[in-house]
Each structure stands twice: as C-alpha cells, then as structure tokens.
>>> print(open('protein.tsv').read())   # TSV, C-alpha atoms
chain	number	residue	atom	x	y	z
A	1	MET	CA	111.76	82.13	114.58
A	2	THR	CA	109.03	82.57	117.16
A	3	GLY	CA	109.79	82.73	120.86
A	4	LYS	CA	108.25	79.34	121.48
A	5	ARG	CA	110.40	77.69	118.83
A	6	LYS	CA	113.48	79.41	120.17
A	7	ASN	CA	112.74	78.11	123.64
A	8	MET	CA	112.23	74.60	122.33
A	9	LEU	CA	115.51	74.79	120.48
A	10	THR	CA	117.20	76.06	123.63
A	11	VAL	CA	115.89	73.17	125.66
A	12	VAL	CA	116.97	70.67	123.00
A	13	LEU	CA	120.44	72.19	122.89
A	14	MET	CA	120.75	72.10	126.66
A	15	ILE	CA	119.67	68.47	126.78
A	16	ILE	CA	122.13	67.55	124.05
A	17	SER	CA	124.93	69.42	125.80
A	18	ALA	CA	124.17	67.70	129.09
A	19	LEU	CA	124.20	64.35	127.30
A	20	PHE	CA	127.50	65.24	125.66
A	21	VAL	CA	129.04	65.99	129.05
A	22	ALA	CA	127.65	62.73	130.46
A	23	VAL	CA	128.94	60.71	127.51
A	24	GLY	CA	132.26	62.48	127.83
A	25	VAL	CA	132.54	61.55	131.47
A	26	LEU	CA	131.66	57.92	130.67
A	27	MET	CA	134.36	57.93	128.02
A	28	ARG	CA	136.71	59.49	130.58
A	29	GLN	CA	137.30	62.51	128.38
A	30	ASN	CA	137.49	64.66	131.51
A	31	LEU	CA	140.86	63.09	132.33
A	32	PRO	CA	142.81	64.61	129.40
A	33	VAL	CA	141.18	67.96	130.26
A	34	LEU	CA	142.39	67.65	133.83
A	35	PHE	CA	145.86	66.37	132.90
A	36	LYS	CA	146.40	69.23	130.48
A	37	ALA	CA	145.03	71.88	132.84
A	38	VAL	CA	147.10	70.92	135.89
A	39	ARG	CA	150.41	71.20	134.04
A	40	ILE	CA	151.85	74.48	132.86
A	41	CYS	CA	151.02	74.66	129.17
A	42	LEU	CA	154.28	75.88	127.65
A	43	GLU	CA	152.64	76.50	124.26
A	44	CYS	CA	149.93	78.60	125.89
A	45	ILE	CA	152.35	80.85	127.76
A	46	GLY	CA	154.48	81.43	124.69
A	47	ILE	CA	157.41	79.20	125.45
A	48	GLY	CA	156.66	75.80	123.90
B	1	MET	CA	122.45	98.44	132.79
B	2	ASP	CA	123.90	99.89	135.95
B	3	ASN	CA	127.58	99.96	135.07
B	4	LYS	CA	128.71	99.54	138.65
B	5	LYS	CA	126.61	96.42	139.12
B	6	ARG	CA	127.86	94.91	135.89
B	7	THR	CA	131.46	95.75	136.78
B	8	PHE	CA	130.96	94.08	140.13
B	9	ILE	CA	129.63	90.91	138.48
B	10	GLN	CA	132.49	90.88	136.00
B	11	ALA	CA	135.06	91.36	138.77
B	12	ALA	CA	133.45	88.65	140.88
B	13	ALA	CA	133.41	86.24	137.93
B	14	ALA	CA	137.06	86.97	137.14
B	15	LEU	CA	138.02	86.47	140.77
B	16	LEU	CA	136.00	83.28	141.10
B	17	GLN	CA	137.65	81.77	138.05
B	18	ASN	CA	141.09	82.83	139.29
B	19	ALA	CA	140.78	82.32	143.02
B	20	HIS	CA	144.04	80.41	143.41
B	21	ILE	CA	145.66	83.57	144.76
B	22	THR	CA	148.79	81.95	146.16
B	23	GLY	CA	149.78	80.93	142.65
B	24	PHE	CA	150.50	84.55	141.72
B	25	PHE	CA	153.18	84.69	144.41
B	26	THR	CA	154.64	81.21	144.11
B	27	GLY	CA	154.57	80.97	140.31
B	28	THR	CA	152.66	77.70	140.43
B	29	ILE	CA	149.29	76.75	139.04
B	30	TYR	CA	146.35	75.10	140.72
B	31	ASP	CA	146.37	71.33	140.21
B	32	GLY	CA	143.18	70.29	141.94
B	33	ARG	CA	140.11	68.47	140.68
B	34	ILE	CA	138.16	71.62	139.86
B	35	LYS	CA	140.27	71.71	136.72
B	36	ASN	CA	138.12	68.89	135.39
B	37	ILE	CA	135.56	71.60	134.70
B	38	CYS	CA	135.67	74.07	131.83
B	39	VAL	CA	135.00	77.69	132.71
B	40	PRO	CA	132.70	79.63	130.39
B	41	GLY	CA	135.06	82.45	129.39
B	42	LEU	CA	138.55	82.81	127.97
B	43	ASN	CA	140.78	82.07	130.93
B	44	CYS	CA	144.08	80.32	130.33
B	45	TYR	CA	144.44	77.25	132.54
B	46	SER	CA	148.10	78.16	133.00
B	47	CYS	CA	147.13	81.37	134.73
B	48	PRO	CA	148.54	81.06	138.26
B	49	GLY	CA	145.09	81.79	139.67
B	50	ALA	CA	142.99	79.65	137.32
B	51	LEU	CA	140.74	77.17	139.05
B	52	GLY	CA	139.11	75.71	135.95
B	53	ALA	CA	140.08	74.57	132.49
B	54	CYS	CA	140.03	76.87	129.48
B	55	PRO	CA	137.36	75.62	127.06
B	56	LEU	CA	139.33	76.68	123.98
B	57	GLY	CA	142.55	75.11	125.18
B	58	SER	CA	140.75	71.94	126.17
B	59	LEU	CA	139.01	71.76	122.80
B	60	GLN	CA	142.29	72.16	120.91
B	61	ASN	CA	143.90	69.56	123.14
B	62	ALA	CA	141.10	67.11	122.38
B	63	VAL	CA	141.12	67.82	118.66
B	64	SER	CA	144.90	67.54	118.34
B	65	ALA	CA	145.17	64.26	120.23
B	66	TRP	CA	146.96	61.50	118.33
B	67	LYS	CA	143.90	59.30	118.49
B	68	PHE	CA	141.04	61.63	117.68
B	69	ARG	CA	137.78	61.09	119.51
B	70	PHE	CA	134.82	63.42	119.19
B	71	PRO	CA	135.22	65.85	122.11
B	72	PHE	CA	131.86	65.25	123.75
B	73	TYR	CA	132.98	66.46	127.16
B	74	VAL	CA	134.44	69.85	126.19
B	75	LEU	CA	131.86	70.54	123.50
B	76	GLY	CA	129.13	69.66	125.97
B	77	PHE	CA	130.33	72.38	128.34
B	78	MET	CA	130.67	74.93	125.57
B	79	MET	CA	127.26	74.10	124.12
B	80	PHE	CA	125.65	74.31	127.53
B	81	PHE	CA	127.08	77.76	128.21
B	82	GLY	CA	126.09	78.84	124.73
B	83	ALA	CA	122.57	77.48	124.96
B	84	ALA	CA	122.06	78.94	128.42
B	85	PHE	CA	123.65	82.35	128.02
B	86	GLY	CA	124.79	82.95	124.46
B	87	ARG	CA	127.27	85.81	124.45
B	88	LEU	CA	126.16	86.94	127.90
B	89	VAL	CA	129.28	84.97	128.83
B	90	CYS	CA	131.30	87.61	126.97
B	91	GLY	CA	129.44	90.48	128.58
B	92	PHE	CA	129.54	89.30	132.17
B	93	LEU	CA	131.66	86.21	132.79
B	94	CYS	CA	134.78	86.44	130.66
B	95	PRO	CA	137.86	87.74	132.52
B	96	PHE	CA	139.57	88.82	129.30
B	97	GLY	CA	136.45	90.69	128.22
B	98	PHE	CA	136.47	92.40	131.61
B	99	LEU	CA	140.08	93.44	131.08
B	100	GLN	CA	139.16	95.00	127.74
B	101	ASP	CA	136.27	96.87	129.34
B	102	LEU	CA	138.64	98.31	131.95
B	103	LEU	CA	141.14	99.34	129.28
B	104	PHE	CA	138.40	101.06	127.27
B	105	ARG	CA	137.72	103.31	130.25
B	106	ILE	CA	141.18	104.87	129.85
B	107	PRO	CA	140.64	108.30	128.33
B	108	PHE	CA	141.63	108.62	124.69
B	109	PRO	CA	140.91	111.46	122.26
B	110	LYS	CA	139.16	109.37	119.62
B	111	LYS	CA	137.19	106.33	120.69
B	112	LEU	CA	135.95	104.28	117.76
B	113	ARG	CA	132.61	102.55	117.90
B	114	THR	CA	132.80	101.36	114.34
B	115	PHE	CA	134.78	102.07	111.19
B	116	ARG	CA	134.78	101.22	107.50
B	117	SER	CA	135.99	97.62	107.51
B	118	ASP	CA	134.54	96.79	110.91
B	119	GLY	CA	131.86	94.53	109.46
B	120	TYR	CA	134.30	92.43	107.44
B	121	LEU	CA	136.81	92.12	110.28
B	122	ARG	CA	134.10	90.57	112.46
B	123	TYR	CA	134.29	87.40	110.37
B	124	ILE	CA	137.95	86.82	111.30
B	125	LYS	CA	136.92	85.28	114.59
B	126	TYR	CA	134.91	82.59	112.79
B	127	ALA	CA	137.97	81.81	110.67
B	128	MET	CA	140.01	81.64	113.89
B	129	LEU	CA	137.54	79.15	115.32
B	130	LEU	CA	137.51	77.02	112.20
B	131	PHE	CA	141.20	77.01	111.37
B	132	MET	CA	143.21	77.82	114.50
B	133	VAL	CA	141.03	75.88	116.92
B	134	ILE	CA	139.79	72.96	114.81
B	135	VAL	CA	141.41	72.36	111.42
B	136	LEU	CA	145.07	73.07	112.17
B	137	PRO	CA	145.24	71.30	115.54
B	138	PHE	CA	143.47	68.33	113.95
B	139	SER	CA	145.92	68.30	111.05
B	140	PHE	CA	149.11	68.91	113.01
B	141	LYS	CA	148.89	66.83	116.15
B	142	PHE	CA	149.70	68.02	119.65
B	143	THR	CA	149.74	71.68	118.65
B	144	PRO	CA	147.08	74.01	120.01
B	145	PHE	CA	147.48	76.63	117.29
B	146	PHE	CA	145.31	79.35	118.77
B	147	CYS	CA	146.85	78.99	122.22
B	148	LYS	CA	150.37	78.80	120.85
B	149	TYR	CA	150.32	81.63	118.32
B	150	VAL	CA	147.52	84.01	119.27
B	151	CYS	CA	145.89	83.80	122.68
B	152	PRO	CA	146.78	86.92	124.69
B	153	SER	CA	145.31	85.43	127.86
B	154	GLY	CA	148.03	82.78	127.74
B	155	THR	CA	150.68	85.45	127.22
B	156	LEU	CA	149.47	87.26	130.31
B	157	SER	CA	149.63	84.00	132.23
B	158	GLY	CA	153.16	83.45	130.96
B	159	MET	CA	154.19	86.89	132.12
B	160	MET	CA	152.75	86.30	135.56
B	161	LEU	CA	154.41	82.91	135.88
B	162	SER	CA	157.72	84.26	134.57
B	163	ALA	CA	157.61	87.11	137.06
B	164	ALA	CA	157.62	84.57	139.86
B	165	ASP	CA	159.93	81.99	138.26
B	166	SER	CA	163.13	83.17	136.55
B	167	ARG	CA	163.66	79.77	134.90
B	168	LEU	CA	160.73	80.48	132.61
B	169	ARG	CA	162.20	83.84	131.58
B	170	GLU	CA	165.28	82.01	130.32
B	171	LEU	CA	163.08	80.06	127.92
B	172	TRP	CA	161.60	83.11	126.21
B	173	GLY	CA	162.04	82.95	122.45
B	174	TRP	CA	160.51	84.29	119.25
B	175	ILE	CA	157.07	82.84	120.03
B	176	PHE	CA	156.94	84.73	123.31
B	177	THR	CA	158.01	87.90	121.50
B	178	TRP	CA	155.33	87.40	118.86
B	179	LYS	CA	152.62	86.70	121.41
B	180	THR	CA	153.69	89.72	123.44
B	181	LEU	CA	153.26	91.85	120.32
B	182	VAL	CA	149.77	90.39	119.87
B	183	LEU	CA	148.99	91.17	123.51
B	184	VAL	CA	150.28	94.73	123.21
B	185	ALA	CA	148.23	95.24	120.04
B	186	VAL	CA	145.09	94.02	121.83
B	187	VAL	CA	145.78	96.24	124.84
B	188	VAL	CA	146.40	99.34	122.71
B	189	ALA	CA	143.39	98.62	120.52
B	190	SER	CA	141.22	98.11	123.61
B	191	ILE	CA	141.89	101.69	124.67
B	192	MET	CA	140.62	102.98	121.32
B	193	ILE	CA	137.98	100.40	120.38
B	194	CYS	CA	135.58	98.65	122.71
B	195	ARG	CA	136.36	94.96	122.93
B	196	PRO	CA	138.51	94.54	119.78
B	197	PHE	CA	139.50	91.00	120.72
B	198	CYS	CA	135.88	89.97	121.26
B	199	LYS	CA	134.79	91.62	118.01
B	200	TYR	CA	137.51	90.40	115.67
B	201	ILE	CA	139.57	87.54	117.08
B	202	CYS	CA	138.01	85.50	119.88
B	203	PRO	CA	137.01	82.03	118.66
B	204	LEU	CA	135.04	81.45	121.85
B	205	GLY	CA	132.94	84.53	121.15
B	206	ALA	CA	132.42	83.20	117.63
B	207	PHE	CA	131.20	79.89	119.07
B	208	TYR	CA	128.77	81.52	121.50
B	209	ALA	CA	127.59	83.94	118.80
B	210	VAL	CA	126.01	81.01	116.99
B	211	PHE	CA	123.83	80.39	120.06
B	212	ASN	CA	122.75	84.00	120.56
B	213	ARG	CA	119.51	83.58	118.65
B	214	ALA	CA	118.35	80.61	120.69
B	215	SER	CA	119.87	80.97	124.11
B	216	ALA	CA	117.77	80.79	127.25
B	217	VAL	CA	118.82	84.29	128.32
B	218	ARG	CA	118.15	86.87	125.64
B	219	ILE	CA	117.31	90.52	125.20
B	220	ASP	CA	113.81	90.92	123.78
B	221	ILE	CA	112.01	93.97	122.52
B	222	ASP	CA	108.42	95.06	123.12
B	223	ARG	CA	107.50	96.51	119.74
B	224	GLU	CA	104.46	98.29	121.18
B	225	LYS	CA	106.62	100.29	123.58
B	226	CYS	CA	109.43	100.96	121.11
B	227	VAL	CA	109.22	104.38	119.42
B	228	ASN	CA	112.37	103.89	117.31
B	229	CYS	CA	114.22	106.71	119.00
B	230	GLY	CA	117.57	105.02	118.34
B	231	ALA	CA	118.84	105.50	121.89
B	232	CYS	CA	119.66	101.78	122.24
B	233	ALA	CA	121.66	101.63	119.02
B	234	ASN	CA	123.58	104.78	119.93
B	235	VAL	CA	124.73	103.35	123.25
B	236	CYS	CA	125.72	99.92	121.94
B	237	ASP	CA	129.50	99.39	122.03
B	238	MET	CA	129.24	96.42	119.70
B	239	ALA	CA	127.50	98.55	117.02
B	240	VAL	CA	124.33	96.46	117.17
B	241	ASN	CA	120.87	97.90	116.59
B	242	PRO	CA	118.69	96.08	119.16
B	243	VAL	CA	115.52	97.29	117.47
B	244	LEU	CA	116.41	95.44	114.28
B	245	THR	CA	118.02	92.39	115.86
B	246	PRO	CA	117.84	92.13	119.63
B	247	ASP	CA	119.55	88.71	119.48
B	248	HIS	CA	122.28	89.71	117.07
B	249	ALA	CA	125.36	87.47	116.96
B	250	GLU	CA	127.54	90.43	117.96
B	251	CYS	CA	125.48	91.32	121.03
B	252	ILE	CA	127.38	90.55	124.23
B	253	ARG	CA	124.28	91.18	126.36
B	254	CYS	CA	125.94	93.90	128.42
B	255	GLY	CA	122.50	95.46	129.01
B	256	LYS	CA	123.46	99.04	128.21
B	257	CYS	CA	120.61	99.24	125.70
B	258	VAL	CA	118.17	97.88	128.27
B	259	SER	CA	119.18	100.58	130.73
B	260	ARG	CA	119.24	103.32	128.11
B	261	CYS	CA	115.80	102.69	126.60
B	262	PRO	CA	113.59	105.56	127.84
B	263	HIS	CA	110.40	103.56	127.29
B	264	GLY	CA	111.34	100.24	128.82
B	265	ALA	CA	110.93	98.47	125.49
B	266	LEU	CA	113.99	96.27	125.97
B	267	CYS	CA	114.47	93.74	128.71
B	268	PHE	CA	116.40	90.64	129.55
B	269	THR	CA	114.34	87.48	129.24
B	270	CYS	CA	114.85	83.92	130.31
B	271	PHE	CA	112.90	81.48	128.16
B	272	SER	CA	110.92	84.49	126.89
B	273	LYS	CA	109.85	85.54	130.38
B	274	PRO	CA	111.02	89.04	131.36
B	275	VAL	CA	113.71	89.15	134.00
B	276	ARG	CA	113.60	92.36	135.97
B	277	VAL	CA	116.69	92.86	138.04
B	278	ARG	CA	117.24	95.99	140.09
B	279	GLY	CA	119.77	98.21	138.39
B	280	PHE	CA	119.43	96.34	135.09
B	281	GLY	CA	117.18	98.65	133.13
B	282	GLU	CA	114.45	99.09	135.68
B	283	LYS	CA	112.73	102.46	135.66
>>> encode(input="protein.tsv", output="structure tokens")
Amino acid sequence: MTGKRKNMLTVVLMIISALFVAVGVLMRQNLPVLFKAVRICLECIGIG
Amino acid sequence: MDNKKRTFIQAAAALLQNAHITGFFTGTIYDGRIKNICVPGLNCYSCPGALGACPLGSLQNAVSAWKFRFPFYVLGFMMFFGAAFGRLVCGFLCPFGFLQDLLFRIPFPKKLRTFRSDGYLRYIKYAMLLFMVIVLPFSFKFTPFFCKYVCPSGTLSGMMLSAADSRLRELWGWIFTWKTLVLVAVVVASIMICRPFCKYICPLGAFYAVFNRASAVRIDIDREKCVNCGACANVCDMAVNPVLTPDHAECIRCGKCVSRCPHGALCFTCFSKPVRVRGFGEK
C-alpha cells in the first residue's frame, strides 16, 4: 500500500471513529461506561 | 530514541491516567465525569488512581450487556487511538507497558529477545481479543472474561485497594489467587523477556496492531539512506526488522531503531511527513 493510500485510509478510519463516538453519545452509550467505571469492579480486581 | 525522554513520557502518561492520588491512601476510586472517557492504554478503571475508563473493560461491559447494542462509543475511542497512533499507544502511553519496561531493566543473566515458539505465541493475544473480550462476554452475559480471569492490571488495582481496605481482603478467593499467579508470571517474565504481556497476551495490543499499517503516526524508512547494516533489527525488543516491515503489527513504535540507525534512514512520520523531535533519532 502506498503512503498516499495509507493516509487516506487513516483519515477514513479517524472519521469513522469520530462518528462512532458521536453516535455512541447520541445513543447514551457513554452512561454505561461511566456507571461501570465509577464503581469498584469486583470481577476486575479478582473478587467477583 | 533517547531512553530518558521516552521514560519521561511514559511516566507522565501513567501519572496523568492515574492522577487521583488520594485514592491510593483512602482505598476509593475516582467517580467523576472524566470516567466517561476511555484512556488509550490498559489501565483498570478500578485502580484507585484511575481517572478514565479502561477501553477493554468498557468493551466487555458493552458486549456482555443483557440487551446487546453495537458498542459505537467504546469502539469509536479504540479505533481513533488505533488510527491515530497504532501501537505507539503501547510504546508510550500504556501504564502497564511502562511497568514491564521498568521490570525489564532489572538485571538478569539471560535476557531473551526471541525464542523458538515466540512467533506462534504472538497469536495468543488475537485469540484473547476474539474469545475473552468478545465471544465469551457476549455468550455469557454480565461477565467480563478477560478482566475477571486474566487482566493483571486489575489484580494490581485489587491489591492496592485491598491494602487500604481490609474488607476487600476478606473477600479474596480462588479467583484472586489465580489472578495473582498470572500477575506474578507476567512480572517474572518481564524481567527475562521484554514486554511479554504485550507480545503474547494483551488484547488491546492485538486491536491496535491491526491499525499499525495505516495509522497516522508511523515509522518510515528511506530506502536510499538504508545500507542494510541490521543495526535497527538488532536493537528491536519486539524482534521486528524495520527494514523489511517498518509498520509491522508487533512494532510498538518505541523509536529505538530510529535512534540506533547510523544513517538516519528511519524516522517517525505523521501522515507520511517526517517528524523530527529532539532526542528521538536526530543526529
């Protein structure tokens, strides 16, 4: 893959990822992330 | 790559992602809004200092939800980091990668750069990503398999929390014992092998590896300057030959090859434009 094509692919991926984040926020998918992250994850620390 | 500069960046990144210092003393975790945001590296969100959300944990949480919805939000973050940096995240921004780098500095008689089954073992991390992060959590709801049975970052977080809160110590069981064994194995291996967790186990590294070929930040080679002396391949801790594949999936973009090249044939690029940073391979 040439450098130019790689760069185009990079830009496309970054646009898609930004859109994903935006769609995720619109769908309120950030809330489960927050709710999980602000409580001690017992499975993660080897207890749950 | 100037090792001191890279170490400084790694330390700063680790500190920035774990800046909730009071949590280490009180045994509590940060519960503010910054935890809406996924950090780029492997950093358990139950670490007392963690300010952001772990991307792997968040992904498993989304995938294992009772009502599955495509995890646009978490995947968007992970894809963005991958597209922007590729495995530069591993080389500079991941706190657990930093820990392994520090452990590898401990003197040991026989340091291994590679060994016979090294190449095959590298595929385990892709299996981890597929099964422990996606398939199993999707199949068995509410269970983040990688976090629960493997992740040593979580075990470290558990130890730190338990040190401050005796109630958690009373809850230790066989899972904690198992995860501690995994952590010990990673720590011991890290003294002998550079970045064993990154090479063989980390699903996040596996995810970013896919983006290495087309990330904005890459290492590129000037074939006219390269004399094939092999200095870059000899210095690579990930056993990559930058001359053959400067954007190899295993390259964590530490920059050692860039610094080592006596002819300046290797350099960091951003969207194919050379990035010259003082101390990062400049002659």
>>> closest_residue(input="protein.tsv", among="B:Cys257, B:Ala19, B:Ala84, B:Ile34", to="Val11 in chain A", atoms="only C-alpha atoms")
B:Ala84
>>> residues_near_point(input="protein.tsv", point="(132.1, 64.1, 128.1)", cutoff="10 Å", atoms="all atoms listed in the file", output="MDAnalysis selection string")
(chainID A and resid 17:31) or (chainID B and resid 70:77)
>>> interface_residues(input="protein.tsv", of="chain A", to="chain B", cutoff="6 Å", atoms="only C-alpha atoms", output="number ranges by chain")
A: 6-7, 10, 14, 17, 20-21, 24, 29-30, 33-34, 37-38, 40-41, 43-47
>>> atom_distance(input="protein.tsv", atom1="CA of Ala189 in chain B", atom2="CA of Lys111 in chain B")
9.9 Å
>>> closest_residue(input="protein.tsv", among="B:Ala249, B:Ile21, B:Leu183, B:Val133", to="Gln100 in chain B", atoms="all atoms listed in the file")
B:Leu183
>>> atom_distance(input="protein.tsv", atom1="CA of Lys141 in chain B", atom2="CA of Val210 in chain B")
26.9 Å
>>> atom_distance(input="protein.tsv", atom1="CA of Cys229 in chain B", atom2="CA of Ser190 in chain B")
28.7 Å
>>> closest_residue(input="protein.tsv", among="B:Pro40, B:Leu16, B:Cys194, B:Ala231", to="Arg87 in chain B", atoms="only C-alpha atoms")
B:Pro40
>>> residues_around(input="protein.tsv", residues="Leu266 in chain B", least_positions_apart="2", cutoff="6 Å", atoms="only C-alpha atoms", output="PyMOL selection string")
chain B and resi 220-221+258+264
>>> closest_residue(input="protein.tsv", among="B:Phe142, B:Asn3, B:Cys90, B:Cys251", to="Gly48 in chain A", atoms="all atoms listed in the file")
B:Phe142
